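I have placed the structure first, in the form of C-alpha cells, so that the comments after it can refer back to it.
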Amino acid sequence: MEAKTIRLVRRGELVSLTNVAPDRTLLEVLREDLGCTGTKEGCGEGDCGACTVVIAEPHEGRLRYRAINSCIRLAHSVDGMALWTVEDLAADDGTLHPAQEAMVRAHGSQCGFCTPGFVMSLFGMYQNHVGRGKPVTRELAQEELSGNLCRCTGYRPILDAAQQMGDLPRVAVDEQAILNQLGRLAREREPAASGGGYLDPRTLPELLRLRAAHPQAQIVAGCTDVGLWVTKLHKQYPQVLDVTRVEELQRIEAYDHHVAIGAAATLTDAFDALVRERPQLKTFANRFAGLPVRNSGTLGGNVANGSPIGDSMPLLIALGAHVVLLSVRGHREMPLEDFYTGYRQTVLAPDEVVGWIKVPRPGGPHPDPLPPAGEGANGPAPSPRLRGEGGGEGMELLRAYKISKRYDDDISAVCLVIAARLRDGMVDHIGIGAGGVAATPVRAVQTEAVLRGAPWTLETAQRATAALRAEFQPISDMRASSAYRSEVLGNLMQRFWLESQGHEQINLESFRLVEAASP
Amino acid sequence: MNAPEKFLAGTVAQPATGRPHFHESARAQVAGGATYIDDIPEVRGTLHAAPILSTVAHGKLLGVDSGEALKMPGVQGVVLAQDIPGDPILATFVHDEPVFARDTVEFVGQVVGIVVADTVMQARRAARKVKLKIEALPAIVDVREAVKARSFVLPPVTVRRGAPEQGIAGAPHQLRGSLDVGGQEHFYLEGQVGYALPLEQDNWWIYSSTQHPGEVQHWVAHTLGLDSGAVTVECRRMGGGFGGKETQAGHIAVWAALAARKFRKPVKLRLDRDDDFMVTGKRHPFAYDYEVGFDGEGRILGLKLMLAANCGWSADLSGPVADRAVFHADNAYYLGDVEIVSYRCKTNVQSHTAFRGFGGPQGMIVTEAILGDIARALGKDALDVRKANLYGTTERNVTHYEMTVEDNILDPLITRLEQTSRYRARRAEIARWNALSPVIKRGLALTPVKFGISFTATFFNQAGALVHVYTDGSVQVNHGGTEMGQGLHTKVCQIVADELGIPFEKVRISATDTSKVPNASATAASSGTDLNGRAAQFAARQVRQRLAEYVADKQKCKPEQVIFAHGQVSGPDAVMTWEQLLDDAYKSRVQLWSDGFYKTPKIHYDKHTLTGRPFYYFSYGAACTEVAIDTLTGENRVLKVDILHDVGTSINPAIDLGQIEGGFIQGMGWLTTEQLVWSDNGHLATHAPSTYKIPATGDVPEHFRVELWPEPNREDNVGGSKAVGEPPFMLAISVWEALRDAAAAARGGPVHMDAPATAENVLKSLRR
C-alpha cells in the first residue's frame with residue numbers, strides 16, 4: 001500500500017523521504033536508505049540503546065527533545081518532527097558538541113559501538129537539562145542512561161562525561177528556526193487519507209473512523225513492542241494505524257477524583273503525572289524500561305498489549321484504575337483487570353481503541369467494590385501511625401515492588417503493588433496488583449479479601465502472606481522459578497508490613513550506605 | 001641522553017607513553033565517523049545472508065526443504081554443505097566442526113546452511129521458512145550429566161603434586177564441597193559480521209570483525225579449497241570482542257565466503273542479535289567438586305579438585321581454556337599437595353569459546369570459594385585465611401605446574417589495599433551494623449588476582465609490525481594485532497612516537513590486514529601490547545637506527561650520539577627537525593620503513609603434563625568489595641569497590657584504568673546478573689538483552705576507586721608495562737565472595753551459593 005511522504009527537519013534542512021514502506025524502521029531508513037551509518041544496531045529490540053537518536057516536537061512554544069530507539073521506531077512516526085543523529089551534532093568546522101567532547105575527554109569510548117547511542121542520550125540530556133540551566137547529577141545521569149548498554153567501560157567515564165558536558169562552552173540549537181520549519185511542515189501536511197499504508201490521524205473522530213474502516217490495520221502507539229514484531233518476528237504490515245498523533249489522546253488531565261491519561265501519552269509523561277501525585281513511585285517509574293523506551297512507549301500501549309509481565313498494570317490495578325475504550329459506536333469503561341481475558345487477550349473489539357486510563361487520585365475515593373466507610377476522615381487519633389509516607393490516618397500507603405535480575409531496565413520476575421488505607425487500625429481499603437504470576441496482570445482478589453476490614457497487625461500480614469502465596473501458581477521460566485516467585489510474593493507482603501511499621505533500610509531500592517567516620 | 005639544550009624550544013609532549021592519550025579513534029567514534037564492517041559502503045550487487053538454524057539439540061538431519069523459502073521475494077538461493085568446494089570440516093585445531101551440519105545436528109542453533117537474498121530482512125524471513133527434517137536423538141545439556149556419561153570433547157587431564165590424599169587425611173580439618181558457576185555471553189555491542197568480496201583470478205577480500213584475521217584467512221582458504229595467499233582479511237576495528245571474536249568470527253566469514261562463491265557476488269552476513277546468541281559460543285560454565293585438608297590457620301595441606309568444563313558440542317578452544325583453568329586454580333596461593341582433574345565435557349549446546357580470562361576466572365573462583373569456606377569453618381576472617389595461603393617469595397613459591405613465582409608482590413599489594421580500603425575497621429563496623437539490621441545484610445571481601453601472561457601455546461607468542469615513515473615526517477604503523485576497544489592501537493602509536501621522538505599525532509595506525517603482516521596470532525591472552533607493541537617498537541627502532549647512522553655519517557659522530565626527541569633530531573654538531581631530516585634522508589636514499597619482529601623469551605611447557613614455565617610473568621591485583629543483600633528477596637547490590645592493580649609502568653593510564661574498571665564490571669556481571677538459561681531440551685532461553693542482563697549504569701557503585709601499583713614489570717617487557725586486558729576481570733570474584741559473606745551474616749555457618757548470584761540464587765543460599 002502506498003504510504004505518503006515522510007518530511008522532517010534535520011541539520012536545519014527539510015528532508016523528504018518517499019516510498020518508505022509503513023513497517024520500515026527509522027534505523028533501516030537511516031542506515032540503508034540515507035547511508036547514515038553513524039547510528040548503530042546493537043540488538044534490534046530497544047534494549048541496548050546503540051541506535052539512540054533524538055527527536056523534537058513543539059511543546060508549549062518550545063522544542064521538546066526526546067531520545068528514542070530508532071531500531072524499533074517506525075520511520076513514518078517521526079514525520080513532521082526534527083531529528084538528530086550522531087552525525088548531526090558537530091559544527092560545520094568539525095568542532096565537537098559538548099556531549100561528544102565530554103565523552104572524548106572522559107575516555108568514555110573504547111570499542112565505540114555503543115558510543116553514538118550514548119552521545120545521543122547525552123545530547124537529549126544536554127537539551128533538556130544543561131540547556132535549561134539544570135545541572136546533570138550523577139543520579140540523573142544514571143537514570144537517563146540506563147537504557148544504553150556499554151560492555152567496555154564499566155560506565156564510570158560515561159557518567160563523568162554526563163556531569164562534565166555542562167562545563168564546556170555552551171552550544172545552542174536554533175530553536176526558533178526549527179519551530180518555524182516544523183510549523184511549516186504541520187501546515188503543509190497532507191490531509192489524513194482514508195486509505196494509504198500509514199494512517200496517522202490527528203483527531204479522535206478521525207481515528208475512530210479509520211479504526212472502523214480498517215480493522216485489519218496494525219494499530220501502533222510508541223511501537224516499543226510492535227517494533228519487535230517487525231524486527232524479530234519478521235512480521236510485515238501493509239497498513240499501520242498510529243494513534244500517537246491524536247491530540248485528544250495525548251492529553252493528561254486531572255479531575256477531582258482521578259487523572260485521565262490519554263492512550264497516546266508517553267510512558268515518560270504518564271509516569272511524571274503519576275509521580276507528581278505519588279512521589280514514592282519515582283523509583284518504580286525509573287526502573288520501567290530505559291528512558292528511550294519510556295520516551296516512545298505509551299501507557300495506553302502497555303495496557304492494550306496486556307503482557308503478563310508489563311509493570312504498569314499491577315500498579316494501575318492496585319490503584320483501582322479504569323480503562324475507557326472508544327469506537328464509532330460509543331465508549332465503555334471498566335476496571336483494568338476486567339479488560340484482560342487471557343494471555344495477551346483483551347475485550348477490545350476490532351473497531352475499538354484504548355482511549356484513556358483513569359487513575360484515582362490519592363485523596364479521592366477509590367472505585368472499590370466495597371465503598372470505604374467513614375469517608376471524611378475526622379476520626380479518632382490513629383493507633384498504628386503510618387510512617388514512611390509522612391501521612392496519617394486515612395492516607396494511602398502505597399508500595400510498588402519489582403523483582404528482576406538487573407536493577408534497571410529489566411522485565412520483572414515478580415511485580416507486586418500494594419495500595420492500602422488504614423482507618424482506626426483497620427484495613428479500610430486495599431488494592432493489590434500483581435505481574436509475573438499469571439497469564440495476565442491480575443488483582444489479588446483473595447488476598448485483598450483477607451485484608452479488607454481486618455486489623456492491620458502482624459498476624460493479619462502473615463495471613464495475607466500465606467494468602468498471596470496460595471492465590472497464584474506462577475510458572476518457571478528464564479527469569480525465575482515458580483518456587484522463587486511464590487516465596488517472594490509472600491516475602492514482599494512481609495516487606496510491606498515492615499515498611500508500614502516505619503522500618504527503614506529494609507529495601508535496597510531506598511538503601512543508603514551510611515558509614516561511621518574514619519577513626 | 002643529550003643535554004636538553006641541544007634541542008630547540010619545542011612544545012612536543014614527550015614521552016608519549018605514560019600519558020593518558022585519548023583513544024586514537026575517540027573523536028571519530030563520538031561523531032559517528034568510525035567505520036565498522038556493516039558501515040562500509042556496499043559494493044554494487046552485494047547480497048545478504050541469514051543462517052538456517054537447527055531447532056533440535058541432537059538429531060539425525062534427514063532433509064532440508066528450502067522450497068517455500070526459495071519462492072519468497074528477493075531470495076537468491078540457499079547454501080548448504082554440498083556447496084562447499086574445499087574441506088567440509090572447519091580448519092580448527094581439533095578438526096571436529098562441520099562448516100554446515102550434514103548428517104547430524106548437535107545443538108539448537110547449529111547452522112545447517114544460509115539463505116541469500118537481496119536484503120537482510122528478506123534473507124532472515126526466508127531462513128525461518130526452511131524446513132528441517134530431524135530425527136531427535138538423546139541430548140546432554142547438563143555438565144554433570146556429561147561427566148557421568150563420560151561425554152568429552154577432549155580427554156581428561158590430571159595435574160598432581162605430592163600426595164594429596166595423605167595431605168587431606170593428615171590435616172587437622174577437612175571440608176568437602178561442590179559449586180556450579182554459569183557461563184557468560186560476550187555481548188559485544190557489534191554483533192558478528194563478515195563481508196566477502198570475490199576479486200579477480202579467484203582472489204578474495206574478506207572484511208571480518210575478528211580478533212584473529214590470520215585464522216579467518218586460513219579457514220576461508222581451507223573451505224574454498226584455495227591457498228591462504230589467495231585470501232586477504234581486513235579488520236580496522238571491532239565493536240567489542242572479549243574473546244568472542246577469536247574463533248567465532250571465522251564461521252561467519254566462511255559462511256559469507258561460501259555464499260559469495262556460489263553466487264559470484266559480494267555477500268554480507270550480519271547476525272541478528274538473537275541468532276548471535278543462539279549460534280556462537282560463550283564463556284564455559286564449570287562444575288566443581290573439592291575435598292580439602294587444612295590446619296588451624298586455614299592453610300591448605302592437601303587438595304583434590306575436580307573441574308568440569310562445559311565445552312558444548314565441539315572442542316573449539318576448550319583444550320587451552322580448560323588448561324588455563326588448571327593453571328589458575330592456585331590463583332595467588334600455594335596449594336600444597338594437590339590433584340586437579342580437568343574434564344572437557346561434550347554437551348549439546350553452543351561450542352563454548354574464549355572469553356576474557358580464558359578459563360582463568362573459572363580456575364580461580366573455586367579456590368577463592370574453598371578459602372571462604374575454610375574461613376567460615378574455622379570462624380576466621382577470610383582475608384587472614386587468604387593471606388596465610390599466599391605464595392611465598394623464597395619458599396612455598398612453586399606452582400602445581402612447576403613454575404617458580406619470581407615476581408611475587410602479593411603480600412605488599414594486599415597489605416596496602418587492606419589499609420587503603422580500611423578493611424579491618426569496616427569489617428568490625430559491618431558486623432555491628434548487621435547485628436541490628438533485620439532484613440538487609442552487608443558483606444565484605446578482599447580477594448587477590450595473580451594471572452599468568454603469555455599464550456600457553458608457546459608458538460603463539462610472536463608478533464610482527466611494519467613502520468612506514470613518509471617524506472613529510474608522518475608515520476603509518478601496521479601490526480598483526482586487532483583493535484576491539486582495548487586501546488592497543490593507541491598504545492602502539494605512543495610506543496612508536498617515543499621510539500622516533502616525534503609527537504603522538506604524527507603516528508597513525510592502518511587497518512589490520514593479512515596482506516601486510518602475515519601469520520599474526522590472535523589478539524588475545526592480554527598479549528596485544530606486549531607482543532605487537534614490542535614488534536612495532538623494533539620496527540621503529542630499525543628506521544631510527546638507519547637515520548642515526550645517516551646523521552652520524554654527516555656529523556662524524558657515533559650513531560648512539562644522535563638523539564631523537566621532541567620532534568627533533570640532535571647530533572653533536574647540529575639539531576634539525578624530524579621533517580628536515582626525513583627530506584634529506586629520503587633524497588640520500590635511506591630506507592624509511594622497516595619491519596619488526598618479537599618473540600617472548602624464557603617460556604616453555606610440556607602440553608602433556610602441563611608443566612614448565614608457560615608464563616613470561618604474572619599480573620597482580622586485588623579488590624575489596626562491599627555488598628548488601630536483601631534476605632527477603634535475595635536482591636543484592638554492590639556498594640563500594642576499592643582496587644589496587646598492577647600494570648607495571650603504565651603506557652597509558654587512562655586506557656589501563658578503562659580496562660580495569662571495565663573488566664571488573666564485566667566480571668561483576670558474570671557473577672551477578674548475567675544468567676544463561678538453557679531449557680532441558682537444550683534451547684537457550686536467554687538470547688537477547690531483554691532476557692540476558694549485562695550490567696547497566698545503575699549497577700556501578702559511586703565509590704569505585706582504582707589505584708595502580710607503582711612498580712615496573714620485573715621482566716623486560718615493552719616500556720616496563722604489564723598486560724591488562726584480562727586480569728582485572730577476576731577482581732570481581734570479590735563481589736561474589738562478599739555476597740557469600742553477607743549470606744553468612746544472615747544465616748550463619750556454611751554458605752553454598754552458585755554463580756551467578758541472581759536474587760533467586762542468593763535467596764536459595766539462605767535457605768539450603
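Ordering of the C-alpha cells sets the chain letters (A, B, ...), residue numbers begin anew at 1 in every chain, and ligands are numbered from 1 in the order given.
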
Long-range neighbours of range 41-50 of chain A as JSON, numbers by chain, 6 Å cut-off, only C-alpha atoms, 2 positions minimum in chain: {"A": [52, 69, 71, 114, 117, 147, 148, 149, 228], "B": [189, 190, 273, 689]}

Would you export the selected residues with N, CA and C atoms as a compact mmCIF listing (two decimals), in the first residue's frame, please?
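Result went into part-v8.txt, see below:
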# COMPACT_ATOMS: atom_id res chain seq x y z
N THR A 52 20.23 4.92 19.49
CA THR A 52 19.51 6.09 20.01
C THR A 52 19.69 7.31 19.10
N ASN A 69 14.76 4.97 20.68
CA ASN A 69 15.43 3.87 19.98
C ASN A 69 14.96 3.84 18.53
N CYS A 71 15.74 1.68 16.31
CA CYS A 71 15.66 0.33 15.74
C CYS A 71 14.26 -0.24 15.76
N CYS A 114 28.77 1.41 21.10
CA CYS A 114 27.63 1.95 21.84
C CYS A 114 27.68 3.46 21.88
N GLY A 117 25.04 5.98 20.49
CA GLY A 117 23.82 5.95 21.28
C GLY A 117 23.95 6.73 22.57
N GLY A 147 19.11 3.03 29.74
CA GLY A 147 18.70 2.30 28.53
C GLY A 147 19.81 2.16 27.52
N ASN A 148 21.00 2.62 27.86
CA ASN A 148 22.17 2.49 26.97
C ASN A 148 23.15 1.52 27.61
N LEU A 149 23.47 0.46 26.90
CA LEU A 149 24.42 -0.52 27.43
C LEU A 149 25.80 -0.29 26.84
N LEU A 228 9.27 -4.85 17.72
CA LEU A 228 9.95 -6.15 17.81
C LEU A 228 9.25 -7.22 16.96
N LEU B 189 28.88 -5.22 21.64
CA LEU B 189 27.75 -4.43 21.14
C LEU B 189 27.60 -4.60 19.63
N GLU B 190 28.70 -4.78 18.92
CA GLU B 190 28.61 -5.06 17.48
C GLU B 190 28.53 -6.57 17.32
N ARG B 273 20.91 -10.14 16.59
CA ARG B 273 21.39 -10.37 17.96
C ARG B 273 20.91 -11.71 18.51
N PRO B 689 19.11 -9.08 24.86
CA PRO B 689 19.29 -8.27 26.06
C PRO B 689 18.02 -8.09 26.89

DSSP helix (DSSP H, G or I) residues within range 50-211 of chain A, listed as JSON, numbers by chain: {"A": [75, 76, 77, 78, 86, 87, 88, 98, 99, 100, 101, 102, 103, 104, 105, 115, 116, 117, 118, 119, 120, 121, 122, 123, 124, 125, 126, 127, 128, 130, 131, 132, 138, 139, 140, 141, 142, 143, 144, 156, 157, 158, 159, 160, 161, 162, 163, 164, 165, 166, 167, 175, 176, 177, 178, 179, 180, 181, 182, 183, 184, 185, 186, 187, 188, 204, 205, 206, 207, 208, 209, 210, 211]}

Near-range 674-683 of chain B list (9 Å; only C-alpha atoms; drop same-chain fewer than 3 positions) as a PyMOL selection string: (chain A and resi 405-406+477-479) or (chain B and resi 55-58+107-109+139-142+182-185+278+348-349+668-671+686-687+691-695+755-758)

Residue nearest chain B among A:Cys36, A:Val243, A:Val29, A:Val275 (counting only C-alpha atoms): A:Cys36
